[in-house]
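Structure file work_29.pdb with PDB, C-alpha atoms:
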MODEL        1
ATOM      1  CA  MET A   1      39.493  14.145  93.271  1.00  0.00           C
ATOM      2  CA  ASP A   2      40.250  17.222  91.196  1.00  0.00           C
ATOM      3  CA  ARG A   3      37.327  17.988  88.918  1.00  0.00           C
ATOM      4  CA  SER A   4      35.919  21.204  87.600  1.00  0.00           C
ATOM      5  CA  ILE A   5      32.250  22.020  88.180  1.00  0.00           C
ATOM      6  CA  VAL A   6      29.973  23.425  85.502  1.00  0.00           C
ATOM      7  CA  LEU A   7      26.519  24.847  86.168  1.00  0.00           C
ATOM      8  CA  ALA A   8      24.340  24.263  83.111  1.00  0.00           C
ATOM      9  CA  SER A   9      22.431  27.505  83.457  1.00  0.00           C
ATOM     10  CA  ALA A  10      22.460  31.215  82.703  1.00  0.00           C
ATOM     11  CA  SER A  11      20.342  31.919  85.799  1.00  0.00           C
ATOM     12  CA  PRO A  12      21.979  34.413  88.193  1.00  0.00           C
ATOM     13  CA  GLN A  13      19.851  33.010  91.012  1.00  0.00           C
ATOM     14  CA  ARG A  14      21.202  29.486  90.518  1.00  0.00           C
ATOM     15  CA  ALA A  15      24.740  30.838  90.313  1.00  0.00           C
ATOM     16  CA  ARG A  16      24.298  32.743  93.571  1.00  0.00           C
ATOM     17  CA  LEU A  17      22.984  29.654  95.323  1.00  0.00           C
ATOM     18  CA  LEU A  18      25.964  27.605  94.157  1.00  0.00           C
ATOM     19  CA  GLU A  19      28.306  30.411  95.212  1.00  0.00           C
ATOM     20  CA  GLN A  20      26.827  30.204  98.713  1.00  0.00           C
ATOM     21  CA  LEU A  21      28.406  26.753  98.971  1.00  0.00           C
ATOM     22  CA  GLY A  22      31.804  28.347  98.416  1.00  0.00           C
ATOM     23  CA  LEU A  23      32.370  26.479  95.164  1.00  0.00           C
ATOM     24  CA  VAL A  24      34.407  27.586  92.185  1.00  0.00           C
ATOM     25  CA  PHE A  25      32.473  26.792  89.015  1.00  0.00           C
ATOM     26  CA  THR A  26      31.729  27.914  85.483  1.00  0.00           C
ATOM     27  CA  ALA A  27      28.193  28.781  84.397  1.00  0.00           C
ATOM     28  CA  VAL A  28      27.373  27.744  80.830  1.00  0.00           C
ATOM     29  CA  PRO A  29      23.875  28.314  79.392  1.00  0.00           C
ATOM     30  CA  ALA A  30      22.105  25.222  78.093  1.00  0.00           C
ATOM     31  CA  ASP A  31      19.799  26.003  75.183  1.00  0.00           C
ATOM     32  CA  ILE A  32      17.171  23.263  75.063  1.00  0.00           C
ATOM     33  CA  ASP A  33      13.525  23.030  74.045  1.00  0.00           C
ATOM     34  CA  GLU A  34      11.511  23.432  77.249  1.00  0.00           C
ATOM     35  CA  THR A  35       8.118  22.684  75.673  1.00  0.00           C
ATOM     36  CA  PRO A  36       6.113  20.209  77.795  1.00  0.00           C
ATOM     37  CA  ARG A  37       5.145  16.961  76.118  1.00  0.00           C
ATOM     38  CA  ALA A  38       1.505  15.969  75.776  1.00  0.00           C
ATOM     39  CA  ASP A  39       0.105  14.907  79.170  1.00  0.00           C
ATOM     40  CA  GLU A  40       3.573  15.154  80.747  1.00  0.00           C
ATOM     41  CA  ASP A  41       3.468  15.204  84.537  1.00  0.00           C
ATOM     42  CA  PRO A  42       5.075  18.370  86.016  1.00  0.00           C
ATOM     43  CA  VAL A  43       7.545  16.283  88.053  1.00  0.00           C
ATOM     44  CA  ALA A  44       8.593  14.342  84.966  1.00  0.00           C
ATOM     45  CA  LEU A  45       8.908  17.624  83.056  1.00  0.00           C
ATOM     46  CA  ALA A  46      11.157  19.245  85.676  1.00  0.00           C
ATOM     47  CA  GLU A  47      13.414  16.185  85.843  1.00  0.00           C
ATOM     48  CA  ARG A  48      13.572  15.812  82.053  1.00  0.00           C
ATOM     49  CA  LEU A  49      14.533  19.454  81.547  1.00  0.00           C
ATOM     50  CA  ALA A  50      17.138  19.342  84.322  1.00  0.00           C
ATOM     51  CA  ARG A  51      18.713  16.271  82.755  1.00  0.00           C
ATOM     52  CA  GLY A  52      18.456  17.750  79.253  1.00  0.00           C
ATOM     53  CA  LYS A  53      20.395  20.817  80.359  1.00  0.00           C
ATOM     54  CA  ALA A  54      23.024  18.717  82.108  1.00  0.00           C
ATOM     55  CA  ASP A  55      23.362  16.314  79.162  1.00  0.00           C
ATOM     56  CA  THR A  56      23.796  19.186  76.698  1.00  0.00           C
ATOM     57  CA  ILE A  57      26.635  20.774  78.647  1.00  0.00           C
ATOM     58  CA  ALA A  58      28.252  17.481  79.704  1.00  0.00           C
ATOM     59  CA  ALA A  59      28.683  16.590  76.033  1.00  0.00           C
ATOM     60  CA  ARG A  60      31.000  19.620  75.738  1.00  0.00           C
ATOM     61  CA  HIS A  61      32.643  19.319  79.177  1.00  0.00           C
ATOM     62  CA  GLN A  62      33.257  15.599  79.483  1.00  0.00           C
ATOM     63  CA  ASP A  63      35.780  15.829  82.334  1.00  0.00           C
ATOM     64  CA  ALA A  64      33.642  18.077  84.518  1.00  0.00           C
ATOM     65  CA  VAL A  65      30.913  17.559  87.064  1.00  0.00           C
ATOM     66  CA  VAL A  66      27.852  19.164  85.466  1.00  0.00           C
ATOM     67  CA  ILE A  67      24.827  20.403  87.415  1.00  0.00           C
ATOM     68  CA  GLY A  68      21.519  20.959  85.660  1.00  0.00           C
ATOM     69  CA  SER A  69      18.329  22.273  87.238  1.00  0.00           C
ATOM     70  CA  ASP A  70      14.886  23.341  86.135  1.00  0.00           C
ATOM     71  CA  THR A  71      11.886  24.686  88.026  1.00  0.00           C
ATOM     72  CA  VAL A  72       8.229  24.166  87.182  1.00  0.00           C
ATOM     73  CA  VAL A  73       5.219  25.643  88.938  1.00  0.00           C
ATOM     74  CA  ALA A  74       2.308  23.199  89.000  1.00  0.00           C
ATOM     75  CA  HIS A  75      -1.308  24.323  89.284  1.00  0.00           C
ATOM     76  CA  ASP A  76      -3.400  21.178  89.557  1.00  0.00           C
ATOM     77  CA  LYS A  77      -1.927  19.093  86.712  1.00  0.00           C
ATOM     78  CA  GLU A  78      -0.824  22.030  84.556  1.00  0.00           C
ATOM     79  CA  ALA A  79       2.836  23.044  84.466  1.00  0.00           C
ATOM     80  CA  PHE A  80       3.619  26.744  84.385  1.00  0.00           C
ATOM     81  CA  GLY A  81       6.955  27.743  82.914  1.00  0.00           C
ATOM     82  CA  LYS A  82       8.070  31.273  82.066  1.00  0.00           C
ATOM     83  CA  PRO A  83       5.241  33.493  80.763  1.00  0.00           C
ATOM     84  CA  ARG A  84       5.271  34.389  77.075  1.00  0.00           C
ATOM     85  CA  ASP A  85       3.782  37.843  77.612  1.00  0.00           C
ATOM     86  CA  LEU A  86       1.664  39.913  79.994  1.00  0.00           C
ATOM     87  CA  ALA A  87      -1.521  38.032  79.113  1.00  0.00           C
ATOM     88  CA  ASP A  88       0.161  34.713  79.883  1.00  0.00           C
ATOM     89  CA  ALA A  89       1.466  36.063  83.208  1.00  0.00           C
ATOM     90  CA  GLN A  90      -2.008  37.349  84.078  1.00  0.00           C
ATOM     91  CA  ARG A  91      -3.445  33.910  83.339  1.00  0.00           C
ATOM     92  CA  MET A  92      -0.875  32.171  85.545  1.00  0.00           C
ATOM     93  CA  LEU A  93      -1.101  34.569  88.467  1.00  0.00           C
ATOM     94  CA  ALA A  94      -4.907  34.587  88.328  1.00  0.00           C
ATOM     95  CA  ALA A  95      -4.822  30.798  88.678  1.00  0.00           C
ATOM     96  CA  LEU A  96      -2.270  30.878  91.521  1.00  0.00           C
ATOM     97  CA  SER A  97      -3.804  33.835  93.366  1.00  0.00           C
ATOM     98  CA  GLY A  98      -5.115  32.876  96.790  1.00  0.00           C
ATOM     99  CA  THR A  99      -4.124  29.216  96.381  1.00  0.00           C
ATOM    100  CA  THR A 100      -1.422  26.771  97.410  1.00  0.00           C
ATOM    101  CA  HIS A 101       0.522  25.274  94.522  1.00  0.00           C
ATOM    102  CA  ARG A 102       3.523  23.016  93.988  1.00  0.00           C
ATOM    103  CA  VAL A 103       6.931  24.249  92.920  1.00  0.00           C
ATOM    104  CA  ILE A 104       8.949  21.380  91.497  1.00  0.00           C
ATOM    105  CA  THR A 105      12.663  21.722  90.901  1.00  0.00           C
ATOM    106  CA  GLY A 106      14.440  18.978  89.023  1.00  0.00           C
ATOM    107  CA  LEU A 107      18.142  18.403  89.662  1.00  0.00           C
ATOM    108  CA  ALA A 108      20.586  16.422  87.524  1.00  0.00           C
ATOM    109  CA  VAL A 109      24.247  15.876  88.356  1.00  0.00           C
ATOM    110  CA  ILE A 110      26.507  14.214  85.798  1.00  0.00           C
ATOM    111  CA  ALA A 111      30.032  13.134  86.728  1.00  0.00           C
ATOM    112  CA  PRO A 112      32.710  11.257  84.746  1.00  0.00           C
ATOM    113  CA  GLY A 113      32.602   7.601  85.671  1.00  0.00           C
ATOM    114  CA  ALA A 114      29.564   8.049  87.905  1.00  0.00           C
ATOM    115  CA  GLY A 115      26.777   8.508  85.376  1.00  0.00           C
ATOM    116  CA  VAL A 116      23.826  10.779  86.048  1.00  0.00           C
ATOM    117  CA  ASP A 117      21.867  11.309  89.271  1.00  0.00           C
ATOM    118  CA  VAL A 118      18.413  12.848  88.826  1.00  0.00           C
ATOM    119  CA  CYS A 119      15.930  13.857  91.508  1.00  0.00           C
ATOM    120  CA  SER A 120      13.229  16.425  92.147  1.00  0.00           C
ATOM    121  CA  VAL A 121      12.328  18.565  95.144  1.00  0.00           C
ATOM    122  CA  ILE A 122       8.707  19.544  95.696  1.00  0.00           C
ATOM    123  CA  SER A 123       7.732  22.579  97.766  1.00  0.00           C
ATOM    124  CA  HIS A 124       4.300  24.048  98.448  1.00  0.00           C
ATOM    125  CA  VAL A 125       3.801  27.803  98.141  1.00  0.00           C
ATOM    126  CA  THR A 126       0.711  29.823  99.043  1.00  0.00           C
ATOM    127  CA  LEU A 127       0.137  33.161  97.342  1.00  0.00           C
ATOM    128  CA  ALA A 128      -2.052  35.996  98.586  1.00  0.00           C
ATOM    129  CA  ARG A 129      -4.953  37.134  96.442  1.00  0.00           C
ATOM    130  CA  LEU A 130      -3.688  39.362  93.649  1.00  0.00           C
ATOM    131  CA  ASP A 131      -5.844  41.869  91.808  1.00  0.00           C
ATOM    132  CA  ALA A 132      -5.311  42.928  88.202  1.00  0.00           C
ATOM    133  CA  ALA A 133      -3.645  46.211  89.155  1.00  0.00           C
ATOM    134  CA  THR A 134      -1.109  44.426  91.353  1.00  0.00           C
ATOM    135  CA  VAL A 135      -0.293  41.931  88.600  1.00  0.00           C
ATOM    136  CA  ALA A 136       0.161  44.747  86.065  1.00  0.00           C
ATOM    137  CA  ALA A 137       2.452  46.664  88.428  1.00  0.00           C
ATOM    138  CA  TYR A 138       4.437  43.513  89.137  1.00  0.00           C
ATOM    139  CA  TRP A 139       4.833  42.810  85.406  1.00  0.00           C
ATOM    140  CA  ALA A 140       6.185  46.330  84.949  1.00  0.00           C
ATOM    141  CA  THR A 141       9.122  45.505  87.259  1.00  0.00           C
ATOM    142  CA  GLY A 142      10.390  43.072  84.604  1.00  0.00           C
ATOM    143  CA  GLU A 143      10.758  40.266  87.118  1.00  0.00           C
ATOM    144  CA  PRO A 144       7.964  37.881  86.056  1.00  0.00           C
ATOM    145  CA  GLN A 145       9.261  37.521  82.489  1.00  0.00           C
ATOM    146  CA  GLY A 146      12.031  35.119  83.460  1.00  0.00           C
ATOM    147  CA  ALA A 147      10.293  33.268  86.291  1.00  0.00           C
ATOM    148  CA  ALA A 148       8.388  29.989  86.267  1.00  0.00           C
ATOM    149  CA  GLY A 149       4.799  30.692  87.241  1.00  0.00           C
ATOM    150  CA  ALA A 150       5.389  34.418  86.565  1.00  0.00           C
ATOM    151  CA  TYR A 151       6.754  35.199  90.033  1.00  0.00           C
ATOM    152  CA  ALA A 152      10.139  35.089  91.784  1.00  0.00           C
ATOM    153  CA  ILE A 153      10.111  34.361  95.514  1.00  0.00           C
ATOM    154  CA  GLN A 154      13.560  35.916  96.015  1.00  0.00           C
ATOM    155  CA  GLY A 155      12.523  39.231  94.485  1.00  0.00           C
ATOM    156  CA  HIS A 156       9.465  41.463  94.409  1.00  0.00           C
ATOM    157  CA  GLY A 157       7.305  38.338  94.209  1.00  0.00           C
ATOM    158  CA  GLY A 158       8.285  37.393  97.749  1.00  0.00           C
ATOM    159  CA  GLN A 159       5.816  39.945  99.104  1.00  0.00           C
ATOM    160  CA  PHE A 160       2.952  37.841  97.724  1.00  0.00           C
ATOM    161  CA  VAL A 161       4.016  34.600  99.453  1.00  0.00           C
ATOM    162  CA  THR A 162       2.017  33.940 102.613  1.00  0.00           C
ATOM    163  CA  HIS A 163       3.380  30.463 103.308  1.00  0.00           C
ATOM    164  CA  LEU A 164       6.153  28.153 102.140  1.00  0.00           C
ATOM    165  CA  SER A 165       6.488  24.487 102.997  1.00  0.00           C
ATOM    166  CA  GLY A 166       9.657  22.959 101.618  1.00  0.00           C
ATOM    167  CA  SER A 167      12.943  24.279 100.256  1.00  0.00           C
ATOM    168  CA  PHE A 168      13.370  28.017  99.714  1.00  0.00           C
ATOM    169  CA  SER A 169      16.479  27.446  97.594  1.00  0.00           C
ATOM    170  CA  ALA A 170      14.628  24.946  95.405  1.00  0.00           C
ATOM    171  CA  VAL A 171      11.835  27.455  94.814  1.00  0.00           C
ATOM    172  CA  MET A 172      14.565  29.941  93.810  1.00  0.00           C
ATOM    173  CA  GLY A 173      15.834  27.420  91.274  1.00  0.00           C
ATOM    174  CA  LEU A 174      18.496  25.149  92.801  1.00  0.00           C
ATOM    175  CA  PRO A 175      17.997  22.823  95.799  1.00  0.00           C
ATOM    176  CA  VAL A 176      21.138  23.538  97.821  1.00  0.00           C
ATOM    177  CA  TYR A 177      20.864  20.606 100.239  1.00  0.00           C
ATOM    178  CA  GLU A 178      20.326  18.019  97.507  1.00  0.00           C
ATOM    179  CA  THR A 179      23.110  19.528  95.381  1.00  0.00           C
ATOM    180  CA  ALA A 180      25.625  19.463  98.240  1.00  0.00           C
ATOM    181  CA  LEU A 181      24.601  15.902  99.116  1.00  0.00           C
ATOM    182  CA  ARG A 182      25.346  14.690  95.596  1.00  0.00           C
ATOM    183  CA  LEU A 183      28.626  16.558  95.377  1.00  0.00           C
ATOM    184  CA  ARG A 184      29.761  14.974  98.653  1.00  0.00           C
ATOM    185  CA  GLY A 185      28.858  11.583  97.202  1.00  0.00           C
ATOM    186  CA  LEU A 186      31.300  12.329  94.384  1.00  0.00           C
ATOM    187  CA  GLY A 187      34.069  13.255  96.815  1.00  0.00           C
ATOM    188  CA  LEU A 188      33.545  16.987  96.332  1.00  0.00           C
ATOM    189  CA  ASP A 189      32.668  18.135  99.837  1.00  0.00           C
ATOM    190  CA  PRO A 190      31.537  21.779  99.569  1.00  0.00           C
ATOM    191  CA  LEU A 191      32.775  22.534 103.093  1.00  0.00           C
ATOM    192  CA  ALA A 192      36.258  21.209 102.360  1.00  0.00           C
ATOM    193  CA  LEU A 193      36.359  23.010  99.028  1.00  0.00           C
ATOM    194  CA  ALA A 194      35.142  26.244 100.616  1.00  0.00           C
ATOM    195  CA  THR A 195      37.949  25.999 103.189  1.00  0.00           C
ATOM    196  CA  VAL A 196      40.533  25.667 100.443  1.00  0.00           C
ATOM    197  CA  THR A 197      38.952  28.433  98.378  1.00  0.00           C
ATOM    198  CA  THR A 198      38.711  31.000 101.166  1.00  0.00           C
ATOM    199  CA  GLY A 199      41.902  30.063 103.002  1.00  0.00           C
ATOM    200  CA  ARG A 200      40.108  29.826 106.338  1.00  0.00           C
ATOM    201  CA  ARG A 201      41.178  27.087 108.772  1.00  0.00           C
TER     202      ARG A 201
ENDMDL
END
Could you render the structure from this file as structure tokens?
Amino acid sequence: MDRSIVLASASPQRARLLEQLGLVFTAVPADIDETPRADEDPVALAERLARGKADTIAARHQDAVVIGSDTVVAHDKEAFGKPRDLADAQRMLAALSGTTHRVITGLAVIAPGAGVDVCSVISHVTLARLDAATVAAYWATGEPQGAAGAYAIQGHGGQFVTHLSGSFSAVMGLPVYETALRLRGLGLDPLALATVTTGRR
């Protein structure tokens, strides 16, 4: 099967994770409203946003396999997305400081003739206790602004993580195992495609 792959995201982290599979793809940002609905469960939110991104891009790339993903940090029943400002980041990190929370990444894969496959991957992350000075210094790096829960495990925020149970790639933003599994189910084996792409035998 000869199909192009489109990543419905502007995230460089998600692109890097997909590149690790040796795939050739196009990244296209999906501009959707990410506002949680009233009383929406964080798992339902992550899956809805992942599918919304994939649906938006699939409408413009109807012959392609489209991958959408979205990550939500859940503290108790509250979903933390990207912080609006420093005060919002301080609120999030104060709540997460010294606790174990869920990181939920929704994944949606849409393929011509195969419909849409949606799932979510839940990981548990424990953060060290963070004081106000540390949070302010972290905000100044510019990293928290674009990260769900106001921290990025693959960047400076990794130094605050004392324990991870689950998928590191999912916490980064794209569950690599689940993505590869669904691509193989569509006849797009990442290993075979990587062999062709790199020329290695």
* Mind checking which residues fall within 10 Å of A:Ile5, counting all atoms listed in the file, ignoring those fewer than 2 positions away in the same chain, and posting them as a list in words? => Asp2, Arg3, Leu7, Ala8, Leu23, Val24, Phe25, Thr26, Ala27, His61, Asp63, Ala64, Val65, Val66, Ile67, Ile110, Ala111, Leu183 and Leu188 of chain A
* Asked: Which is closest to A:Ala79 among A:Asp189, A:Asp41, A:Glu47, A:Asp33, if we use all atoms listed in the file?
  ->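 Of A:Asp189, A:Asp41, A:Glu47, A:Asp33, the one nearest A:Ala79, counting all atoms listed in the file, is A:Asp41.
Residues surrounding A:Ala137 within 12 Å are Leu86, Ala89, Gln90, Leu130, Asp131, Ala132, Ala133, Thr134, Ala140, Thr141, Gly142, Glu143, Pro144, His156 and Gly157 of chain A [all atoms listed in the file; sequence separation below 3 positions excluded].
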Find the spatial neighbours of A:Val73, counting all atoms listed in the file, within a cut-off of 12 Å - ignore same-chain residues fewer than 2 positions away - and output them as a PDB file with C-alpha atoms, keeping the file's coordinate frame.
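What landed in out-v8.pdb:
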ATOM      1  CA  ASP A  41       3.468  15.204  84.537  1.00  0.00           C
ATOM      2  CA  PRO A  42       5.075  18.370  86.016  1.00  0.00           C
ATOM      3  CA  VAL A  43       7.545  16.283  88.053  1.00  0.00           C
ATOM      4  CA  LEU A  45       8.908  17.624  83.056  1.00  0.00           C
ATOM      5  CA  ALA A  46      11.157  19.245  85.676  1.00  0.00           C
ATOM      6  CA  ASP A  70      14.886  23.341  86.135  1.00  0.00           C
ATOM      7  CA  THR A  71      11.886  24.686  88.026  1.00  0.00           C
ATOM      8  CA  HIS A  75      -1.308  24.323  89.284  1.00  0.00           C
ATOM      9  CA  ASP A  76      -3.400  21.178  89.557  1.00  0.00           C
ATOM     10  CA  LYS A  77      -1.927  19.093  86.712  1.00  0.00           C
ATOM     11  CA  GLU A  78      -0.824  22.030  84.556  1.00  0.00           C
ATOM     12  CA  ALA A  79       2.836  23.044  84.466  1.00  0.00           C
ATOM     13  CA  PHE A  80       3.619  26.744  84.385  1.00  0.00           C
ATOM     14  CA  GLY A  81       6.955  27.743  82.914  1.00  0.00           C
ATOM     15  CA  LYS A  82       8.070  31.273  82.066  1.00  0.00           C
ATOM     16  CA  PRO A  83       5.241  33.493  80.763  1.00  0.00           C
ATOM     17  CA  MET A  92      -0.875  32.171  85.545  1.00  0.00           C
ATOM     18  CA  LEU A  93      -1.101  34.569  88.467  1.00  0.00           C
ATOM     19  CA  ALA A  95      -4.822  30.798  88.678  1.00  0.00           C
ATOM     20  CA  LEU A  96      -2.270  30.878  91.521  1.00  0.00           C
ATOM     21  CA  THR A 100      -1.422  26.771  97.410  1.00  0.00           C
ATOM     22  CA  HIS A 101       0.522  25.274  94.522  1.00  0.00           C
ATOM     23  CA  ARG A 102       3.523  23.016  93.988  1.00  0.00           C
ATOM     24  CA  VAL A 103       6.931  24.249  92.920  1.00  0.00           C
ATOM     25  CA  ILE A 104       8.949  21.380  91.497  1.00  0.00           C
ATOM     26  CA  THR A 105      12.663  21.722  90.901  1.00  0.00           C
ATOM     27  CA  GLY A 106      14.440  18.978  89.023  1.00  0.00           C
ATOM     28  CA  VAL A 121      12.328  18.565  95.144  1.00  0.00           C
ATOM     29  CA  ILE A 122       8.707  19.544  95.696  1.00  0.00           C
ATOM     30  CA  SER A 123       7.732  22.579  97.766  1.00  0.00           C
ATOM     31  CA  HIS A 124       4.300  24.048  98.448  1.00  0.00           C
ATOM     32  CA  VAL A 125       3.801  27.803  98.141  1.00  0.00           C
ATOM     33  CA  THR A 126       0.711  29.823  99.043  1.00  0.00           C
ATOM     34  CA  ALA A 147      10.293  33.268  86.291  1.00  0.00           C
ATOM     35  CA  ALA A 148       8.388  29.989  86.267  1.00  0.00           C
ATOM     36  CA  GLY A 149       4.799  30.692  87.241  1.00  0.00           C
ATOM     37  CA  ALA A 150       5.389  34.418  86.565  1.00  0.00           C
ATOM     38  CA  TYR A 151       6.754  35.199  90.033  1.00  0.00           C
ATOM     39  CA  ALA A 152      10.139  35.089  91.784  1.00  0.00           C
ATOM     40  CA  ILE A 153      10.111  34.361  95.514  1.00  0.00           C
ATOM     41  CA  ALA A 170      14.628  24.946  95.405  1.00  0.00           C
ATOM     42  CA  VAL A 171      11.835  27.455  94.814  1.00  0.00           C
ATOM     43  CA  MET A 172      14.565  29.941  93.810  1.00  0.00           C
ATOM     44  CA  GLY A 173      15.834  27.420  91.274  1.00  0.00           C
TER      45      GLY A 173
END
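Picture a line from atom CA of A:Gly187 to atom CA of A:Gly166; it runs 26.7 Å.
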Give the padded box for stretch 158-176 of chain A as AutoDock Vina command-line options: axis-aligned, covering all atoms listed in the file, 4 Å on each side, centre and edge lengths in Å to one decimal.
--center_x 11.6 --center_y 31.4 --center_z 97.3 --size_x 27.1 --size_y 25.1 --size_z 20.0
* Asked: Excluding same-chain residues fewer than 3 positions from A:Leu18, what lies within 10 Å of it counting all atoms listed in the file, as a list in words?
  ->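 Once the adjacent positions are removed, what remains is Leu7, Pro12, Gln13, Arg14, Ala15, Leu21, Gly22, Leu23, Val24, Phe25, Ile67, Leu174, Pro175, Val176, Thr179, Ala180 and Pro190 of chain A.
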* atom CA of A:Arg51 and atom CA of A:Asp39 are how many Å apart? -> 19.0 Å
* **Among the residues A:Gln145, A:Gln20, A:Ser9, A:Gln62, the one that comes closest to A:Gly115 [using all atoms listed in the file]** =>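 For A:Gly115, the nearest of the given residues is A:Gln62.
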* Interatomic distance (Å, one decimal) between atom CA of A:His163 and atom CA of A:Glu34 ->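 These atoms are spaced 28.2 Å apart.
Candidate residues A:Val28, A:Leu17, A:Gly146, A:Ser167 were compared for distance to A:Ala58, and the nearest is A:Val28, using all atoms listed in the file.
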* Asked: Could you write out as a list in words the residues that the PyMOL selection byres ((chain A and resi 160) around 8) matches in the shown file?
  ->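 Taken on the displayed file, the PyMOL selection byres ((chain A and resi 160) around 8) yields the residues Leu127, Ala128, Leu130, Gly157, Gly158, Gln159, Val161 and Thr162 of chain A.
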